[in-house]
Amino acid sequence: MSVIPVITSCGSILLAGIEWPVVSGDCLSLLLSSLKYNPEHPLQLPSVFTLTFLLVLFPALALCSGRPKVRKWLLILASLYLYYKLSGAWVLLLVLLAVATWLLALRGNTGQKAIWPVVVTVVLNLLLLVLFKAGGVFGSCLGIEFFPAGLAIPAGISFFCFQSISYVVDCRRGRISPLRSFPDVLLLLAYFPKMFLGPLVKNKDFIASIQHPHLTVTASERAGAIRRAAFGIVKFCVLSRIIGRFLVDPVFSAPASAPAPVCLLAVYAYTFQLYCDFSGYTDLAIGLSCFIGLPLPENFALPYHSASITEFWRRWHISLSSWLKDYLYISLGGNRKGRLRTYANLLITMVLGGLWHGVGLMFLLWGLWHGLLLCLHKLMLGIDKPFTKYWFAKTGSTMKLFPRAVGVFLTFNAVAFGWLMFRSPDWGTFSALTQGILSDWSVPAWSYLLAQTSAVSPDLSTAASLAIPAAALVAAVLTHFLPSGALTLSDRILERSGFAIQVLVLVLAIWLAFQTTAVLFPGIASALPVYANF
């Protein structure tokens with residue numbers, strides 16, 4: 001048997017009787033280029049690259065479990081690298097903001113706890129938000145181009161700016177002691193499962209997790225984490241994408257031509273698309289973070305079960321609602337300075353919350369709409385009459401069955417109307433869809449819907465092009481109607497099934513996500529979550 005390498009005609013090497021493949025220069029170049037940031041193809045979820053990266057990261061973290069400093073730096077470097085793959089050189093902005101946050105918090109906690117570091121922190125972060133979120137609007141008005149055409153804004157800037165503000169404010173208020181270690185502050189802002197789309201974490205809780213990570217995952221926690229990750233992948237990589245591509249995007253791109261039933265269907269479909277998208281990403285982030293040992297807070301609690309608008313904001317994007325309440329509403333005076341001032345504070349908070357998602361008329365109107373609904377609900381709660389006590393409560397848990405059912409119906413539709421504003425890129429689209437919903441319902445919509453869904457994926461049969469989005473929408477709705485305790489029961493079943501079955505469940509969810517992209521959206525890059533646009 002020859003031990004001398006022989007180069008074969010097909011480009012492989014024959015050594016010791018075994019033919020070994022040779023990595024060509026082109027393959028090596030392709031591999032190296034995949035490690036770099038590509039503005040035309042930034043990091044996508046899901047993708048083979050992301051999956052491979054996590055499969056390498058988690059064993060590496062496990063090997064470092066006995067060396068906390070090495071493990072922390074590995075997490076930081078992994079987070080910064082993923083952010084680089086997502087936003088390129090903007091990773092430097094994230095690092096510089098972390099440096100400024102670290103130094104300002106230390107300066108604000110010396111001696112008399114000076115207020116100026118808080119002011120500087122707030123102004124700095126607001127300037128960043130205004131520059132990147134409103135730069136295009138102001139630039140077009142002033143005839144100035146702040147950034148080169150096609151340059152994306154830093155991903156997740158809204159989340160890490162708010163985290164920076166809350167950290168310095170909490171240090172000033174004495175809720176936490178400022179961190180002496182810069183890596184801890186950098187990890188607080190850059191931790192990859194939450195950095196991109198949240199949830200916004202309570203500084204006290206997350207800092208405690210950084211300093212004392214929960215490295216041992218019990219069998220019950222592992223089953224719950226895998227179920228959440230798998231469920232999250234299906235919700236935001238499968239259900240949300242199908243609903244958006246087949247039922248939402250075609251109508252919002254041509255609102256004037258859609259019949260009334262299709263317009264209303266698109267609004268309701270977007271209502272569940274956005275929920276599946278954002279709550280699905282949150283489930284995935286919480287599941288991944290559980291294995292890392294840094295728990296993340298719940299961000300959604302079946303928001304469309306809400307019987308009032310107040311309850312909705314206790315169930316939807318809970319971390320943002322808490323942030324707005326703690327750092328904006330209460331700072332403005334909350335409900336401590338009279339009824340009129342309370343209403344004004346609510347309106348200001350919700351309008352600014354709307355503009356946090358993006359600077360534009362529709363986001364402003366969306367925030368104003370929710371502010372007015374909250375003011376109206378608070379007004380009704382303040383009327384001490386049997387009628388209002390029967391029909392109105394802060395949450396549905398204290399209401400009788402019939403008024404609660406009516407409250408859920410009205411709240412859901414009020415929220416859906418708000419999502420119509422949220423999704424509409426401009427007043428023209430919003431107006432056209434609103435008029436479409438209120439137009440003649442006798443116009444046949446079936447043929448239009450068939451043509452719309454068939455056009456999205458021409459390779460599918462007509463029946464399949466309609467059945468697939470219909471099934472996805474039904475599945476999205478059913479996520480809100482699972483019996484209480486169903487998820488707990490599924491976790492128990494998964495726990496008893498053993499590790500092999502748990503891995504199989506996760507693999508099937510990933511396979512379904514990739515198959516959805518390959519079959520339904522060939523040639524289209526995996527989209528980022530919808531909420532990434534805000």
# chains A, B, ... in the order shown; residues from 1 in each chain; ligands from 1
$ residues_around --residues "Thr271 in chain A" --least-positions-apart "4" --cutoff "9 Å" --atoms "only C-alpha atoms" --output "list in words"
Ala266, Val267, Tyr275, Cys276, Val415, Ala416, Trp419 and Leu420 of chain A
$ select_by_dssp --residues "range 115-349 of chain A" --states "helix (DSSP H, G or I)" --output "ChimeraX atom specification"
/A:116-142,157-173,182-190,192-195,203-211,219-253,255-257,260-292,303-305,309-315,318-329,339-349
$ residues_around --residues "Tyr84 in chain A" --least-positions-apart "2" --cutoff "10 Å" --atoms "only C-alpha atoms" --output "PyMOL selection string"
chain A and resi 35-38+42-43+78-82+86-92+154-155
$ atom_distance --atom1 "CA of Ser177 in chain A" --atom2 "CA of Phe300 in chain A"
29.2 Å
$ closest_residue --among "A:Ile165, A:Gln44, A:Ala208, A:Phe363" --to "Leu97 in chain A" --atoms "only C-alpha atoms"
A:Ile165
